[in-house]
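Read the structure below first, then the notes.
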Amino acid sequence: MSRLCIYFKEESPVDRWFPGDRLFRPLLRRIIKGKSRRDGVDKTFINLCLGLDQLNVPYHINLPYAELHPHDHVAVFGRGKTCLEGFKRSIPIVAGVGLMDHPSNWPDLCQKYPIKTLLQPSRWAADIYRKAFTPTPIGLWATGIQTDLWRPQPEVEKDIDVLIYDKIRWGRDEHAEHPRASFMEELVRSRDLISHTIRYGDYTPEDYLSLLSRSRSMAFLCEHESQGLAYQEALSCDVPVFAWNHGSYLNPAYLQPSTPPIPATSVPYFDFRCGLTFQGLEDIEDTFDEFWGTLITSGYTPREYILENLSLERCAGEFLNFFNI
């Protein structure tokens, strides 16, 4: 009988400064920065397992590769090239999101290993990988949201009109068209509204959930997202989102001056129920006024969108389709 075997492996640590420092760097980091936070790659694996649990689908985690059976269903998640070290079987692999930041980081992945399908969470990201890994199929799959955790809390007073989520990563000082958090704060203030700003990576999940429970809306400032779990968690809390959607891929590490524009989005899962987007500073004020006007009159229903499209059960079921289970 075929088993579902899921792997989540971190990239093997290496020495940086002197021999053996890899052994104590994690402890030192934890002392200085506190408990490590779960990022999108961690949540992808965790939320998949939670969804499979809700569907009552059995699975195995991190079995030794040598113990795999020829007809097992194998999926590998994690970070970096060492995730598949030691895999010397001919069993087809569904390779999960997060193994690399860009196809150029692991161009021979599908030559070295029997990759059946390479997963990407959104269409624009899938297009980038499809061009690089043809003829390997690129599967479109998003992880689910823990809607029982990220949920509205009507008993909490809404004392923040706009929670500003600042995840601008590149060119913060060079490009005048960037809708900086300070600009958004002034825009909100000029409408006699109250804002609160958080920066990506500078909060705990508990802090974020508490802030969402107090917020009537969120402004999401990010160049692009392959999935965008943070803004989707806000939507799951029934907090409408006003999002900067530049429309192009902007990571300077993978762009050359001659590179033609690559379509990308900051909100790959989004519709009219979720809120509004703006492209640049030239339309931010009018679009925000439209967003706020709708919010205080007819309103938005973002949680409805998440429950319909990104529940744990739905996304886990779509994952099983890659194995015809």
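In the structure tokens, chains take the letters A, B, ... in the order shown, each chain's residues start at 1, and ligands count up from 1 in the order shown.
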Give me, as a Markdown table, each residue of segment 272-324 of chain A that comes within 10 Å of segment 178-198 of chain A, together with its shortest interatomic pair and the distance in Å at one decimal, counting only C-alpha atoms, with rows ordered by chain and rising residue number.
| residue | atom | partner | partner_atom | distance |
| --- | --- | --- | --- | --- |
| A:Phe278 | CA | A:Pro179 | CA | 10.0 |
| A:Gln279 | CA | A:Pro179 | CA | 9.5 |
| A:Gly280 | CA | A:Pro179 | CA | 7.2 |
| A:Leu281 | CA | A:Pro179 | CA | 6.3 |
| A:Ile284 | CA | A:Pro179 | CA | 8.4 |
| A:Glu285 | CA | A:Leu187 | CA | 7.4 |
| A:Phe288 | CA | A:Leu187 | CA | 8.8 |
| A:Asp289 | CA | A:Arg191 | CA | 9.0 |
| A:Trp292 | CA | A:Arg191 | CA | 10.0 |
Output file for the residues above (N, CA and C atoms, as a short mmCIF file (atom, residue, chain, number, x, y, z; two decimals), in the first residue's frame):
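Final output, saved to out.cif:
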data_model
loop_
_atom_site.label_atom_id
_atom_site.label_comp_id
_atom_site.auth_asym_id
_atom_site.auth_seq_id
_atom_site.Cartn_x
_atom_site.Cartn_y
_atom_site.Cartn_z
N PHE A 278 -3.56 49.60 -4.95
CA PHE A 278 -3.10 50.76 -5.70
C PHE A 278 -1.73 50.45 -6.27
N GLN A 279 -1.36 51.11 -7.37
CA GLN A 279 -0.10 50.79 -8.02
C GLN A 279 1.02 51.73 -7.64
N GLY A 280 0.72 53.01 -7.44
CA GLY A 280 1.77 53.97 -7.14
C GLY A 280 1.23 55.16 -6.37
N LEU A 281 2.12 56.07 -6.04
CA LEU A 281 1.72 57.23 -5.24
C LEU A 281 0.74 58.12 -5.98
N ILE A 284 -2.70 56.69 -4.93
CA ILE A 284 -2.91 56.16 -3.58
C ILE A 284 -4.02 56.89 -2.84
N GLU A 285 -4.08 58.21 -2.95
CA GLU A 285 -5.06 58.95 -2.15
C GLU A 285 -6.48 58.67 -2.60
N PHE A 288 -7.38 55.11 -1.70
CA PHE A 288 -7.63 54.91 -0.27
C PHE A 288 -8.99 55.47 0.12
N ASP A 289 -9.36 56.63 -0.41
CA ASP A 289 -10.67 57.20 -0.09
C ASP A 289 -11.79 56.28 -0.56
N TRP A 292 -11.78 53.29 1.92
CA TRP A 292 -12.35 53.63 3.22
C TRP A 292 -13.85 53.88 3.11
#
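Considering only C-alpha atoms, the residue among A:Gly317, A:Gly299, A:Gly144, A:Pro268 positioned nearest to Asn56 of chain A is A:Gly317.
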task = List every residue of segment 10-233 of chain A that DSSP, applied to the backbone, labels as strand (DSSP E), and write the result as a PyMOL selection string.
result = chain A and resi 60-61+73-78+93-95+115-120+138-140+162-166+195-199+218-221
message = I need the helix (DSSP H, G or I) residues of segment 179-321 of chain A per DSSP on the backbone, written as a PyMOL selection string.
response = chain A and resi 181-190+205-214+229-236+252-254+281-296+302-309+312-321
key: Between atom CA of Met100 of chain A and atom CA of Thr143 of chain A - distance in Å to one decimal   =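 Computing it gives 16.8 Å between the two atoms.
Nearest-residue note for Phe270 of chain A: choosing from A:Ala66, A:Gln256, A:Gln232, A:Leu295, the minimum distance belongs to A:Gln232, counting only C-alpha atoms.
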message = Under the rule that only C-alpha atoms are counted, which of A:Ser236, A:Arg216, A:Cys110, A:Asn245 is the nearest residue to Ile168 of chain A?
response = A:Asn245
Polymer residues at most 8 Å from Ile306 of chain A, only C-alpha atoms, same-chain spacing of 4 or more positions, as a list in words =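 Listing them by chain and then by number gives Ile145, Gln232, Leu235, Ser236, Pro302, Leu310 and Ser311 of chain A.
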Residues within 12 Å of Ser215 of chain A, please, as a PDB file with N, CA and C atoms, in the first residue's frame. Count only C-alpha atoms; anything in the same chain fewer than 5 positions from it doesn't count.
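Written output follows (selection22.pdb):
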ATOM      1  N   PRO A 152     -11.933  36.536  13.507  1.00  0.00           N
ATOM      2  CA  PRO A 152     -12.388  37.791  14.123  1.00  0.00           C
ATOM      3  C   PRO A 152     -12.593  37.620  15.627  1.00  0.00           C
ATOM      4  N   GLN A 153     -12.357  38.706  16.340  1.00  0.00           N
ATOM      5  CA  GLN A 153     -12.604  38.735  17.780  1.00  0.00           C
ATOM      6  C   GLN A 153     -13.505  39.933  18.079  1.00  0.00           C
ATOM      7  N   PRO A 154     -14.811  39.769  17.891  1.00  0.00           N
ATOM      8  CA  PRO A 154     -15.742  40.891  17.994  1.00  0.00           C
ATOM      9  C   PRO A 154     -15.798  41.527  19.372  1.00  0.00           C
ATOM     10  N   VAL A 156     -13.277  42.492  21.046  1.00  0.00           N
ATOM     11  CA  VAL A 156     -12.155  43.416  21.199  1.00  0.00           C
ATOM     12  C   VAL A 156     -12.487  44.742  20.523  1.00  0.00           C
ATOM     13  N   GLU A 157     -12.215  45.839  21.202  1.00  0.00           N
ATOM     14  CA  GLU A 157     -12.499  47.171  20.658  1.00  0.00           C
ATOM     15  C   GLU A 157     -11.583  47.465  19.476  1.00  0.00           C
ATOM     16  N   LYS A 158     -12.156  48.028  18.418  1.00  0.00           N
ATOM     17  CA  LYS A 158     -11.389  48.415  17.232  1.00  0.00           C
ATOM     18  C   LYS A 158     -10.877  49.844  17.429  1.00  0.00           C
ATOM     19  N   ASP A 159      -9.693  49.971  18.001  1.00  0.00           N
ATOM     20  CA  ASP A 159      -9.152  51.303  18.260  1.00  0.00           C
ATOM     21  C   ASP A 159      -8.058  51.700  17.265  1.00  0.00           C
ATOM     22  N   ILE A 160      -7.802  50.861  16.256  1.00  0.00           N
ATOM     23  CA  ILE A 160      -6.857  51.173  15.186  1.00  0.00           C
ATOM     24  C   ILE A 160      -7.631  51.180  13.873  1.00  0.00           C
ATOM     25  N   ASP A 161      -7.632  52.317  13.183  1.00  0.00           N
ATOM     26  CA  ASP A 161      -8.338  52.372  11.902  1.00  0.00           C
ATOM     27  C   ASP A 161      -7.555  51.660  10.810  1.00  0.00           C
ATOM     28  N   VAL A 162      -6.245  51.892  10.758  1.00  0.00           N
ATOM     29  CA  VAL A 162      -5.411  51.283   9.713  1.00  0.00           C
ATOM     30  C   VAL A 162      -4.125  50.735  10.339  1.00  0.00           C
ATOM     31  N   LEU A 163      -3.979  49.425  10.310  1.00  0.00           N
ATOM     32  CA  LEU A 163      -2.727  48.802  10.710  1.00  0.00           C
ATOM     33  C   LEU A 163      -1.815  48.802   9.485  1.00  0.00           C
ATOM     34  N   ILE A 164      -0.687  49.485   9.569  1.00  0.00           N
ATOM     35  CA  ILE A 164       0.229  49.591   8.436  1.00  0.00           C
ATOM     36  C   ILE A 164       1.302  48.507   8.562  1.00  0.00           C
ATOM     37  N   TYR A 165       1.327  47.607   7.591  1.00  0.00           N
ATOM     38  CA  TYR A 165       2.276  46.489   7.587  1.00  0.00           C
ATOM     39  C   TYR A 165       3.377  46.818   6.581  1.00  0.00           C
ATOM     40  N   LEU A 193      -7.855  59.716  10.986  1.00  0.00           N
ATOM     41  CA  LEU A 193      -7.915  58.311  11.361  1.00  0.00           C
ATOM     42  C   LEU A 193      -6.668  57.950  12.161  1.00  0.00           C
ATOM     43  N   ILE A 194      -6.735  56.814  12.845  1.00  0.00           N
ATOM     44  CA  ILE A 194      -5.631  56.362  13.710  1.00  0.00           C
ATOM     45  C   ILE A 194      -4.926  55.177  13.060  1.00  0.00           C
ATOM     46  N   SER A 195      -3.596  55.233  13.019  1.00  0.00           N
ATOM     47  CA  SER A 195      -2.823  54.134  12.442  1.00  0.00           C
ATOM     48  C   SER A 195      -1.838  53.573  13.463  1.00  0.00           C
ATOM     49  N   HIS A 196      -1.360  52.382  13.171  1.00  0.00           N
ATOM     50  CA  HIS A 196      -0.277  51.763  13.938  1.00  0.00           C
ATOM     51  C   HIS A 196       0.575  51.013  12.930  1.00  0.00           C
ATOM     52  N   THR A 197       1.902  51.152  13.009  1.00  0.00           N
ATOM     53  CA  THR A 197       2.799  50.568  12.023  1.00  0.00           C
ATOM     54  C   THR A 197       3.623  49.437  12.628  1.00  0.00           C
ATOM     55  N   TYR A 208       0.861  40.151  16.488  1.00  0.00           N
ATOM     56  CA  TYR A 208       0.165  40.406  15.224  1.00  0.00           C
ATOM     57  C   TYR A 208      -1.321  40.086  15.344  1.00  0.00           C
ATOM     58  N   LEU A 209      -1.632  38.962  15.953  1.00  0.00           N
ATOM     59  CA  LEU A 209      -3.031  38.583  16.131  1.00  0.00           C
ATOM     60  C   LEU A 209      -3.759  39.606  16.997  1.00  0.00           C
ATOM     61  N   SER A 210      -3.097  40.062  18.047  1.00  0.00           N
ATOM     62  CA  SER A 210      -3.701  41.078  18.913  1.00  0.00           C
ATOM     63  C   SER A 210      -3.966  42.376  18.154  1.00  0.00           C
ATOM     64  N   ALA A 234      -4.562  38.358   7.886  1.00  0.00           N
ATOM     65  CA  ALA A 234      -5.409  39.525   8.165  1.00  0.00           C
ATOM     66  C   ALA A 234      -6.794  39.329   7.559  1.00  0.00           C
ATOM     67  N   LEU A 235      -6.853  38.878   6.313  1.00  0.00           N
ATOM     68  CA  LEU A 235      -8.138  38.628   5.668  1.00  0.00           C
ATOM     69  C   LEU A 235      -8.946  37.597   6.445  1.00  0.00           C
ATOM     70  N   CYS A 237      -8.927  37.149   9.549  1.00  0.00           N
ATOM     71  CA  CYS A 237      -9.460  37.840  10.728  1.00  0.00           C
ATOM     72  C   CYS A 237     -10.562  38.820  10.349  1.00  0.00           C
ATOM     73  N   ASP A 238     -10.965  38.814   9.086  1.00  0.00           N
ATOM     74  CA  ASP A 238     -11.997  39.707   8.545  1.00  0.00           C
ATOM     75  C   ASP A 238     -11.551  41.165   8.545  1.00  0.00           C
ATOM     76  N   VAL A 239     -10.243  41.359   8.366  1.00  0.00           N
ATOM     77  CA  VAL A 239      -9.673  42.713   8.275  1.00  0.00           C
ATOM     78  C   VAL A 239      -9.406  43.008   6.803  1.00  0.00           C
ATOM     79  N   PRO A 240     -10.134  43.946   6.186  1.00  0.00           N
ATOM     80  CA  PRO A 240      -9.903  44.282   4.780  1.00  0.00           C
ATOM     81  C   PRO A 240      -8.518  44.874   4.574  1.00  0.00           C
ATOM     82  N   VAL A 241      -7.975  44.688   3.368  1.00  0.00           N
ATOM     83  CA  VAL A 241      -6.602  45.084   3.071  1.00  0.00           C
ATOM     84  C   VAL A 241      -6.557  46.115   1.941  1.00  0.00           C
TER      85      VAL A 241
END
inquiry  = Using Å and a single decimal, report how far atom CA of Leu229 of chain A sits from atom CA of Tyr249 of chain A.
reply    =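 Between atom CA of Tyr249 of chain A and atom CA of Leu229 of chain A the gap works out to 18.3 Å.
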task = Rounded to one decimal place, report the atom CA of Ser217 of chain A-atom CA of Thr277 of chain A distance in Å.
result =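 About the pair atom CA of Ser217 of chain A and atom CA of Thr277 of chain A: they are 13.0 Å apart.
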message = Report as a list of chain:residue names all protein, DNA and RNA residues lying within 10 Å of Phe322 of chain A, evaluated on only C-alpha atoms, omitting residues in the same chain fewer than 2 positions from it.
response = A:His73, A:Ala75, A:Val94, A:Lys116, A:Thr117, A:Leu119, A:Gly139, A:Leu140, A:Trp141, A:Gly317, A:Glu318, A:Phe319, A:Leu320, A:Asn324, A:Ile325
key: Nearby residues (only C-alpha atoms) at most 10 Å from Gly96 of chain A, same-chain spacing under 5 positions excluded, as a list in words   = Ile6, Tyr7, Phe8, Val41, Thr44, Phe45, Ala75, Val76, Phe77, Gly78, Arg79, Thr117, Leu118, Leu119, Gln120, Pro121, Gly139 and Trp141 of chain A
query = Which one of A:His224, A:Arg169, A:Arg3, A:Arg314 sits closest to Ser248 of chain A if you count only C-alpha atoms?
reply =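 Under the stated criterion, the closest residue is A:His224.
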